[in-house]
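Undergrad: For reference, the file input_14.csv (CSV, N, CA and C atoms) is included below:
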```
chain,number,residue,atom,x,y,z
Q,240,MET,N,187.4,115.9,106.0
Q,240,MET,CA,186.9,116.0,104.6
Q,240,MET,C,186.7,114.6,104.0
Q,241,LYS,N,187.6,113.7,104.3
Q,241,LYS,CA,187.5,112.3,103.7
Q,241,LYS,C,186.2,111.7,104.3
Q,242,LEU,N,186.0,111.9,105.5
Q,242,LEU,CA,184.8,111.3,106.2
Q,242,LEU,C,183.5,111.8,105.5
Q,243,LYS,N,183.5,113.1,105.2
Q,243,LYS,CA,182.3,113.6,104.6
Q,243,LYS,C,182.1,113.1,103.2
Q,244,ILE,N,183.2,113.0,102.4
Q,244,ILE,CA,183.1,112.4,101.1
Q,244,ILE,C,182.6,111.0,101.1
Q,245,LEU,N,183.2,110.2,102.0
Q,245,LEU,CA,182.8,108.8,102.1
Q,245,LEU,C,181.3,108.6,102.6
Q,246,THR,N,180.9,109.5,103.5
Q,246,THR,CA,179.5,109.4,104.0
Q,246,THR,C,178.5,109.8,102.9
Q,247,VAL,N,178.8,110.8,102.1
Q,247,VAL,CA,177.9,111.2,101.0
Q,247,VAL,C,177.9,110.0,100.0
Q,248,GLU,N,179.0,109.4,99.7
Q,248,GLU,CA,179.1,108.4,98.7
Q,248,GLU,C,178.3,107.2,99.2
Q,249,LEU,N,178.4,106.9,100.5
Q,249,LEU,CA,177.7,105.8,101.1
Q,249,LEU,C,176.2,106.0,101.0
Q,250,VAL,N,175.7,107.2,101.3
Q,250,VAL,CA,174.3,107.5,101.3
Q,250,VAL,C,173.8,107.3,99.8
Q,251,PHE,N,174.6,107.8,98.9
Q,251,PHE,CA,174.2,107.7,97.4
Q,251,PHE,C,174.1,106.2,97.1
Q,252,GLN,N,175.1,105.4,97.5
Q,252,GLN,CA,175.0,104.0,97.2
Q,252,GLN,C,173.9,103.2,97.8
Q,253,ILE,N,173.5,103.6,99.0
Q,253,ILE,CA,172.4,103.0,99.7
Q,253,ILE,C,171.1,103.4,99.0
Q,254,LEU,N,170.9,104.6,98.7
Q,254,LEU,CA,169.7,105.1,97.9
Q,254,LEU,C,169.6,104.4,96.6
Q,255,LEU,N,170.7,104.3,95.9
Q,255,LEU,CA,170.7,103.6,94.6
Q,255,LEU,C,170.4,102.1,94.7
Q,256,SER,N,170.9,101.5,95.8
Q,256,SER,CA,170.6,100.1,96.0
Q,256,SER,C,169.1,99.9,96.4
Q,257,ILE,N,168.6,100.7,97.2
Q,257,ILE,CA,167.2,100.6,97.6
Q,257,ILE,C,166.3,100.9,96.4
Q,258,GLY,N,166.6,102.0,95.7
Q,258,GLY,CA,165.8,102.3,94.5
Q,258,GLY,C,165.8,101.2,93.5
Q,259,SER,N,166.9,100.6,93.2
Q,259,SER,CA,167.0,99.4,92.3
Q,259,SER,C,166.2,98.2,92.8
Q,260,THR,N,166.3,98.0,94.1
Q,260,THR,CA,165.6,96.9,94.7
Q,260,THR,C,164.1,97.1,94.6
Q,261,LEU,N,163.6,98.3,94.8
Q,261,LEU,CA,162.2,98.6,94.7
Q,261,LEU,C,161.7,98.5,93.3
Q,262,CYS,N,162.5,98.9,92.3
Q,262,CYS,CA,162.2,98.8,90.9
Q,262,CYS,C,162.1,97.3,90.5
Q,263,VAL,N,163.0,96.5,91.0
Q,263,VAL,CA,163.0,95.1,90.6
Q,263,VAL,C,161.7,94.4,91.3
Q,264,VAL,N,161.4,94.7,92.5
Q,264,VAL,CA,160.3,94.1,93.2
Q,264,VAL,C,159.0,94.6,92.4
Q,265,TYR,N,158.9,95.8,92.0
Q,265,TYR,CA,157.7,96.3,91.3
Q,265,TYR,C,157.6,95.6,90.0
Q,266,GLN,N,158.7,95.4,89.2
Q,266,GLN,CA,158.6,94.8,87.9
Q,266,GLN,C,158.4,93.3,88.1
Q,267,TYR,N,158.8,92.7,89.2
Q,267,TYR,CA,158.5,91.3,89.5
Q,267,TYR,C,157.0,91.0,89.4
Q,268,PHE,N,156.2,91.9,90.0
Q,268,PHE,CA,154.8,91.7,90.0
Q,268,PHE,C,154.1,92.1,88.7
Q,269,GLN,N,154.9,92.8,87.8
Q,269,GLN,CA,154.4,93.1,86.5
Q,269,GLN,C,154.8,92.1,85.5
Q,270,ASN,N,155.5,91.0,85.9
Q,270,ASN,CA,156.0,89.9,85.1
Q,270,ASN,C,157.0,90.3,84.0
Q,271,ASP,N,157.8,91.3,84.3
Q,271,ASP,CA,158.9,91.7,83.5
Q,271,ASP,C,160.2,91.8,84.3
Q,272,PHE,N,160.4,90.7,85.1
Q,272,PHE,CA,161.4,90.7,86.1
Q,272,PHE,C,162.8,90.7,85.6
Q,273,LEU,N,163.1,89.9,84.6
Q,273,LEU,CA,164.5,89.7,84.1
Q,273,LEU,C,165.1,91.1,83.6
Q,274,MET,N,164.3,91.7,82.8
Q,274,MET,CA,164.8,93.0,82.2
Q,274,MET,C,165.0,94.0,83.2
Q,275,ALA,N,164.1,94.2,84.2
Q,275,ALA,CA,164.2,95.1,85.3
Q,275,ALA,C,165.4,94.8,86.1
Q,276,PHE,N,165.7,93.5,86.4
Q,276,PHE,CA,166.8,93.1,87.2
Q,276,PHE,C,168.1,93.4,86.5
Q,277,LEU,N,168.2,93.2,85.2
Q,277,LEU,CA,169.4,93.5,84.5
Q,277,LEU,C,169.7,95.0,84.4
Q,278,ILE,N,168.6,95.8,84.2
Q,278,ILE,CA,168.8,97.2,84.2
Q,278,ILE,C,169.2,97.8,85.6
Q,279,ALA,N,168.6,97.2,86.7
Q,279,ALA,CA,169.0,97.6,88.0
Q,279,ALA,C,170.4,97.2,88.3
Q,280,LEU,N,170.8,96.0,87.9
Q,280,LEU,CA,172.2,95.5,88.0
Q,280,LEU,C,173.2,96.4,87.3
Q,281,PHE,N,172.8,96.9,86.1
Q,281,PHE,CA,173.6,97.8,85.4
Q,281,PHE,C,173.8,99.1,86.1
Q,282,PHE,N,172.7,99.7,86.6
Q,282,PHE,CA,172.9,101.0,87.3
Q,282,PHE,C,173.6,100.9,88.6
Q,283,VAL,N,173.4,99.8,89.3
Q,283,VAL,CA,174.1,99.6,90.6
Q,283,VAL,C,175.6,99.4,90.2
Q,284,GLY,N,175.9,98.7,89.2
Q,284,GLY,CA,177.3,98.5,88.8
Q,284,GLY,C,178.0,99.7,88.4
Q,285,ILE,N,177.3,100.6,87.6
Q,285,ILE,CA,177.9,101.9,87.2
Q,285,ILE,C,178.1,102.8,88.5
Q,286,GLY,N,177.1,102.8,89.4
Q,286,GLY,CA,177.2,103.5,90.6
Q,286,GLY,C,178.4,103.0,91.5
Q,287,ASN,N,178.6,101.7,91.5
Q,287,ASN,CA,179.7,101.1,92.3
Q,287,ASN,C,181.0,101.5,91.7
Q,288,LEU,N,181.1,101.5,90.3
Q,288,LEU,CA,182.3,101.8,89.6
Q,288,LEU,C,182.7,103.3,89.9
Q,289,ILE,N,181.8,104.2,89.8
Q,289,ILE,CA,182.0,105.6,90.1
Q,289,ILE,C,182.4,105.8,91.6
Q,290,GLY,N,181.7,105.1,92.5
Q,290,GLY,CA,182.0,105.2,93.9
Q,290,GLY,C,183.4,104.6,94.2
Q,291,PHE,N,183.7,103.5,93.5
Q,291,PHE,CA,185.0,102.9,93.7
Q,291,PHE,C,186.2,103.8,93.3
Q,292,PHE,N,186.0,104.6,92.2
Q,292,PHE,CA,187.0,105.6,91.9
Q,292,PHE,C,187.1,106.7,92.9
Q,293,ILE,N,186.0,107.0,93.5
Q,293,ILE,CA,186.0,108.0,94.6
Q,293,ILE,C,186.8,107.5,95.8
Q,294,ARG,N,186.5,106.2,96.1
Q,294,ARG,CA,187.2,105.6,97.3
Q,294,ARG,C,188.7,105.5,97.0
Q,295,LEU,N,189.0,105.1,95.8
Q,295,LEU,CA,190.5,105.0,95.5
Q,295,LEU,C,191.2,106.3,95.7
Q,296,SER,N,190.5,107.4,95.3
Q,296,SER,CA,191.2,108.7,95.4
Q,296,SER,C,191.1,109.3,96.8
Q,297,THR,N,190.2,108.8,97.6
Q,297,THR,CA,190.0,109.3,99.0
Q,297,THR,C,190.8,108.6,100.0
Q,298,ILE,N,190.8,107.3,100.0
Q,298,ILE,CA,191.4,106.5,101.1
Q,298,ILE,C,192.2,105.4,100.5
Q,299,GLN,N,193.2,104.9,101.3
Q,299,GLN,CA,193.9,103.7,101.0
Q,299,GLN,C,193.4,102.6,102.0
Q,300,SER,N,192.9,101.5,101.4
Q,300,SER,CA,192.3,100.5,102.2
Q,300,SER,C,192.6,99.1,101.5
Q,301,PRO,N,192.9,98.1,102.3
Q,301,PRO,CA,193.0,96.8,101.6
Q,301,PRO,C,191.7,96.3,101.0
Q,302,PHE,N,190.6,96.8,101.5
Q,302,PHE,CA,189.3,96.4,100.9
Q,302,PHE,C,189.2,96.8,99.5
Q,303,ASN,N,189.8,98.0,99.1
Q,303,ASN,CA,189.8,98.4,97.7
Q,303,ASN,C,190.4,97.3,96.8
Q,304,LYS,N,191.6,96.8,97.3
Q,304,LYS,CA,192.3,95.8,96.5
Q,304,LYS,C,191.5,94.5,96.4
Q,305,TYR,N,190.9,94.1,97.5
Q,305,TYR,CA,190.1,92.9,97.5
Q,305,TYR,C,188.9,93.0,96.5
Q,306,TYR,N,188.2,94.2,96.6
Q,306,TYR,CA,187.1,94.4,95.7
Q,306,TYR,C,187.5,94.4,94.2
Q,307,PHE,N,188.6,95.0,93.9
Q,307,PHE,CA,189.1,95.0,92.5
Q,307,PHE,C,189.4,93.6,92.0
Q,308,TYR,N,190.2,92.9,92.8
Q,308,TYR,CA,190.5,91.5,92.4
Q,308,TYR,C,189.3,90.6,92.3
Q,309,GLY,N,188.3,90.8,93.2
Q,309,GLY,CA,187.1,90.1,93.1
Q,309,GLY,C,186.3,90.4,91.9
Q,310,ILE,N,186.3,91.6,91.5
Q,310,ILE,CA,185.6,92.0,90.2
Q,310,ILE,C,186.3,91.3,89.0
Q,311,VAL,N,187.6,91.4,89.0
Q,311,VAL,CA,188.3,90.7,87.9
Q,311,VAL,C,188.0,89.2,87.8
Q,312,VAL,N,188.0,88.5,88.9
Q,312,VAL,CA,187.7,87.1,89.0
Q,312,VAL,C,186.3,86.9,88.6
Q,313,PHE,N,185.4,87.7,89.0
Q,313,PHE,CA,184.0,87.6,88.7
Q,313,PHE,C,183.7,87.7,87.2
Q,314,PHE,N,184.3,88.6,86.5
Q,314,PHE,CA,184.2,88.8,85.1
Q,314,PHE,C,184.9,87.6,84.3
Q,315,ALA,N,186.0,87.2,84.8
Q,315,ALA,CA,186.7,86.0,84.2
Q,315,ALA,C,185.8,84.8,84.3
Q,316,MET,N,185.2,84.6,85.5
Q,316,MET,CA,184.3,83.4,85.6
Q,316,MET,C,183.0,83.6,84.7
Q,317,THR,N,182.5,84.8,84.6
Q,317,THR,CA,181.4,85.0,83.7
Q,317,THR,C,181.8,84.7,82.2
Q,318,PHE,N,183.0,85.1,81.8
Q,318,PHE,CA,183.4,84.8,80.5
Q,318,PHE,C,183.6,83.3,80.3
Q,319,LEU,N,184.1,82.6,81.3
Q,319,LEU,CA,184.2,81.1,81.2
Q,319,LEU,C,182.8,80.4,81.1
Q,320,LEU,N,181.9,80.9,81.9
Q,320,LEU,CA,180.5,80.4,81.8
Q,320,LEU,C,179.9,80.6,80.4
Q,321,TYR,N,180.2,81.8,79.8
Q,321,TYR,CA,179.7,82.1,78.4
Q,321,TYR,C,180.5,81.2,77.4
Q,322,LYS,N,181.8,81.1,77.6
Q,322,LYS,CA,182.6,80.4,76.6
Q,322,LYS,C,182.3,78.9,76.5
Q,323,PHE,N,182.0,78.3,77.7
Q,323,PHE,CA,181.7,76.9,77.7
Q,323,PHE,C,180.2,76.6,77.6
Q,324,ASP,N,179.4,77.6,77.3
Q,324,ASP,CA,178.0,77.5,77.0
Q,324,ASP,C,177.2,76.8,78.1
Q,325,PHE,N,177.2,77.5,79.2
Q,325,PHE,CA,176.4,77.0,80.4
Q,325,PHE,C,175.0,77.3,80.3
Q,326,GLY,N,174.6,78.1,79.3
Q,326,GLY,CA,173.2,78.5,79.2
Q,326,GLY,C,172.9,79.9,79.7
Q,327,GLU,N,172.0,80.6,79.1
Q,327,GLU,CA,171.6,81.9,79.5
Q,327,GLU,C,171.1,82.0,81.0
Q,328,GLU,N,170.3,81.1,81.4
Q,328,GLU,CA,169.7,81.1,82.7
Q,328,GLU,C,170.8,81.0,83.8
Q,329,THR,N,171.8,80.1,83.6
Q,329,THR,CA,172.9,80.0,84.5
Q,329,THR,C,173.7,81.3,84.6
Q,330,ILE,N,174.0,81.8,83.4
Q,330,ILE,CA,174.8,83.1,83.4
Q,330,ILE,C,174.1,84.2,84.1
Q,331,PHE,N,172.8,84.4,83.8
Q,331,PHE,CA,172.0,85.4,84.4
Q,331,PHE,C,171.9,85.2,85.9
Q,332,ASN,N,171.7,84.0,86.4
Q,332,ASN,CA,171.7,83.7,87.8
Q,332,ASN,C,173.1,84.1,88.4
Q,333,PHE,N,174.1,83.7,87.8
Q,333,PHE,CA,175.5,84.0,88.3
Q,333,PHE,C,175.7,85.5,88.4
Q,334,LEU,N,175.3,86.2,87.3
Q,334,LEU,CA,175.4,87.7,87.3
Q,334,LEU,C,174.6,88.3,88.4
Q,335,GLY,N,173.4,87.8,88.6
Q,335,GLY,CA,172.5,88.4,89.7
Q,335,GLY,C,173.1,88.1,91.1
Q,336,ILE,N,173.4,86.9,91.3
Q,336,ILE,CA,173.9,86.5,92.7
Q,336,ILE,C,175.2,87.2,92.9
Q,337,GLY,N,176.1,87.2,91.9
Q,337,GLY,CA,177.4,87.9,92.1
Q,337,GLY,C,177.3,89.4,92.3
Q,338,GLY,N,176.4,90.0,91.5
Q,338,GLY,CA,176.1,91.4,91.6
Q,338,GLY,C,175.6,91.8,92.9
Q,339,VAL,N,174.7,91.1,93.4
Q,339,VAL,CA,174.1,91.4,94.8
Q,339,VAL,C,175.2,91.2,95.9
Q,340,LEU,N,175.9,90.1,95.8
Q,340,LEU,CA,177.0,89.9,96.8
Q,340,LEU,C,178.1,91.0,96.7
Q,341,PHE,N,178.5,91.4,95.5
Q,341,PHE,CA,179.5,92.4,95.4
Q,341,PHE,C,178.9,93.8,95.9
Q,342,ASN,N,177.7,94.0,95.7
Q,342,ASN,CA,177.1,95.3,96.2
Q,342,ASN,C,177.0,95.3,97.7
Q,343,LEU,N,176.7,94.1,98.3
Q,343,LEU,CA,176.7,94.0,99.8
Q,343,LEU,C,178.1,94.2,100.4
Q,344,TYR,N,179.1,93.6,99.7
Q,344,TYR,CA,180.4,93.8,100.2
Q,344,TYR,C,180.9,95.2,100.0
Q,345,TYR,N,180.5,95.8,98.9
Q,345,TYR,CA,180.8,97.2,98.7
Q,345,TYR,C,180.2,98.1,99.7
Q,346,LEU,N,179.0,97.9,100.1
Q,346,LEU,CA,178.3,98.7,101.1
Q,346,LEU,C,178.9,98.5,102.5
Q,347,MET,N,179.3,97.2,102.8
Q,347,MET,CA,179.8,96.9,104.1
Q,347,MET,C,181.2,97.5,104.3
Q,348,TYR,N,182.0,97.4,103.3
Q,348,TYR,CA,183.4,97.9,103.6
Q,348,TYR,C,183.5,99.4,103.7
Q,349,VAL,N,182.5,100.1,103.1
Q,349,VAL,CA,182.6,101.6,103.4
Q,349,VAL,C,182.1,101.9,104.8
Q,350,PHE,N,181.2,101.1,105.3
Q,350,PHE,CA,180.8,101.2,106.8
Q,350,PHE,C,182.0,101.1,107.6
Q,351,ILE,N,182.9,100.1,107.4
Q,351,ILE,CA,184.1,99.9,108.1
Q,351,ILE,C,185.0,101.0,108.0
Q,352,ASN,N,185.2,101.5,106.8
Q,352,ASN,CA,186.1,102.7,106.6
Q,352,ASN,C,185.6,104.0,107.2
Q,353,VAL,N,184.3,104.2,107.1
Q,353,VAL,CA,183.7,105.4,107.8
Q,353,VAL,C,183.9,105.3,109.3
Q,354,LYS,N,183.6,104.1,109.8
Q,354,LYS,CA,183.7,104.0,111.3
Q,354,LYS,C,185.2,104.2,111.7
Q,355,LYS,N,186.1,103.7,110.9
Q,355,LYS,CA,187.5,103.8,111.2
Q,355,LYS,C,188.0,105.3,111.2
Q,356,LEU,N,187.5,106.0,110.1
Q,356,LEU,CA,187.8,107.4,110.0
Q,356,LEU,C,187.2,108.3,111.1
Q,357,SER,N,185.9,107.9,111.5
Q,357,SER,CA,185.3,108.7,112.5
Q,357,SER,C,185.9,108.4,113.9
Q,358,ASP,N,186.4,107.2,114.1
Q,358,ASP,CA,187.2,106.9,115.4
Q,358,ASP,C,188.5,107.7,115.4
Q,359,GLU,N,189.2,107.8,114.3
Q,359,GLU,CA,190.4,108.6,114.2
Q,359,GLU,C,190.1,110.1,114.4
Q,360,ALA,N,189.0,110.5,113.9
Q,360,ALA,CA,188.7,112.0,114.0
Q,360,ALA,C,188.4,112.2,115.5
Q,361,LYS,N,187.7,111.3,116.2
Q,361,LYS,CA,187.4,111.5,117.6
Q,361,LYS,C,188.7,111.6,118.5
Q,362,VAL,N,189.7,110.7,118.1
Q,362,VAL,CA,191.0,110.7,118.8
Q,362,VAL,C,191.7,112.0,118.6
Q,363,ILE,N,191.7,112.6,117.4
Q,363,ILE,CA,192.4,113.8,117.1
Q,363,ILE,C,191.7,115.0,117.9
Q,364,LEU,N,190.4,115.0,118.0
Q,364,LEU,CA,189.7,116.1,118.7
Q,364,LEU,C,189.9,115.9,120.2
```
Produce structure tokens that represent the structure in this file.
TA:
Amino acid sequence: MKLKILTVELVFQILLSIGSTLCVVYQYFQNDFLMAFLIALFFVGIGNLIGFFIRLSTIQSPFNKYYFYGIVVFFAMTFLLYKFDFGEETIFNFLGIGGVLFNLYYLMYVFINVKKLSDEAKVIL
């Protein structure tokens, strides 16, 4: 059951990531890139948050802890960039790069967990 839940969550996250990327690429050619990027980043972030709660309730993994601590440090660094007035462009670039990297990490560590659970299921059968 855990494997099915994680697989469905992974498919949802991949579709959300692809859809957001396609939306950003389309808006890039329409010259409204920044707003589309921030909206896509928001939706991917909300999807990751919901998926993270699903993962927390489904499996215990050290990757969950690393992801949580990484997000806390990321927002602390964003606050420091804002507090010391590094400029909007620097903050948006940091948010964009950090958001994409966290999404990639998020997608990769569920692959590892799904593979581990599927290997355990094969051993049991």
Undergrad: Would you mind telling me which residue in Q:Ile363, Q:Ile289, Q:Phe313, Q:Tyr306 lies nearest to Tyr344 (chain Q) when using only N, CA and C atoms?
TA: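 Ranked by minimum distance to Tyr344 (chain Q), first place goes to Q:Tyr306.
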Undergrad: Could you check how far CA of Leu334 (chain Q) sits from atom C of Phe350 (chain Q), in Å to one decimal?
TA: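 Distance between the two atoms: 25.2 Å.
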Undergrad: Just the residues within 12 Å of Phe292 (chain Q), please, counting only C-alpha atoms, with nothing from its chain fewer than 6 positions along; format it as a list in words.
TA: Leu245, Glu248, Ile285, Gly286, Ile298, Gln299, Asn303, Tyr306 and Phe307 of chain Q
Undergrad: Which residues come within 9 Å of Phe331 (chain Q), counting only C-alpha atoms, excluding same-chain residues fewer than 5 positions away, as a list in words?
TA: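 The residues satisfying every condition are Leu273, Leu277, Gly326 and Ile336 of chain Q.
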Undergrad: Calculated over only N, CA and C atoms, which of the candidates Q:Val353, Q:Pro301, Q:Gly337, Q:Glu359 has the smallest distance to Thr246 (chain Q)?
TA: Q:Val353
Undergrad: Work out how far apart CA of Phe314 (chain Q) and atom C of Phe333 (chain Q) are and give it in Å to one decimal.
TA: 9.7 Å
Undergrad: Using Å and a single decimal, report how far CA of Val263 (chain Q) sits from CA of Phe276 (chain Q).
TA: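 CA of Val263 (chain Q) lies at a distance of 5.5 Å from CA of Phe276 (chain Q).
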Undergrad: As a ChimeraX atom specification, please: the residues near Tyr345 (chain Q) (cut-off 9 Å, only C-alpha atoms, same-chain neighbours under 4 positions excluded).
TA: /Q:287,291,302,306,340-341,349
Undergrad: What's around Gly284 (chain Q) at 10 Å? Count only C-alpha atoms, leave out sequence neighbours fewer than 2 positions away in its own chain, and write the answer as a list in words.
TA: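 Here the answer would be Ser256, Ile278, Ala279, Leu280, Phe281, Phe282, Gly286, Asn287, Leu288, Ile289, Gly290, Gly338, Val339, Phe341 and Asn342 of chain Q.
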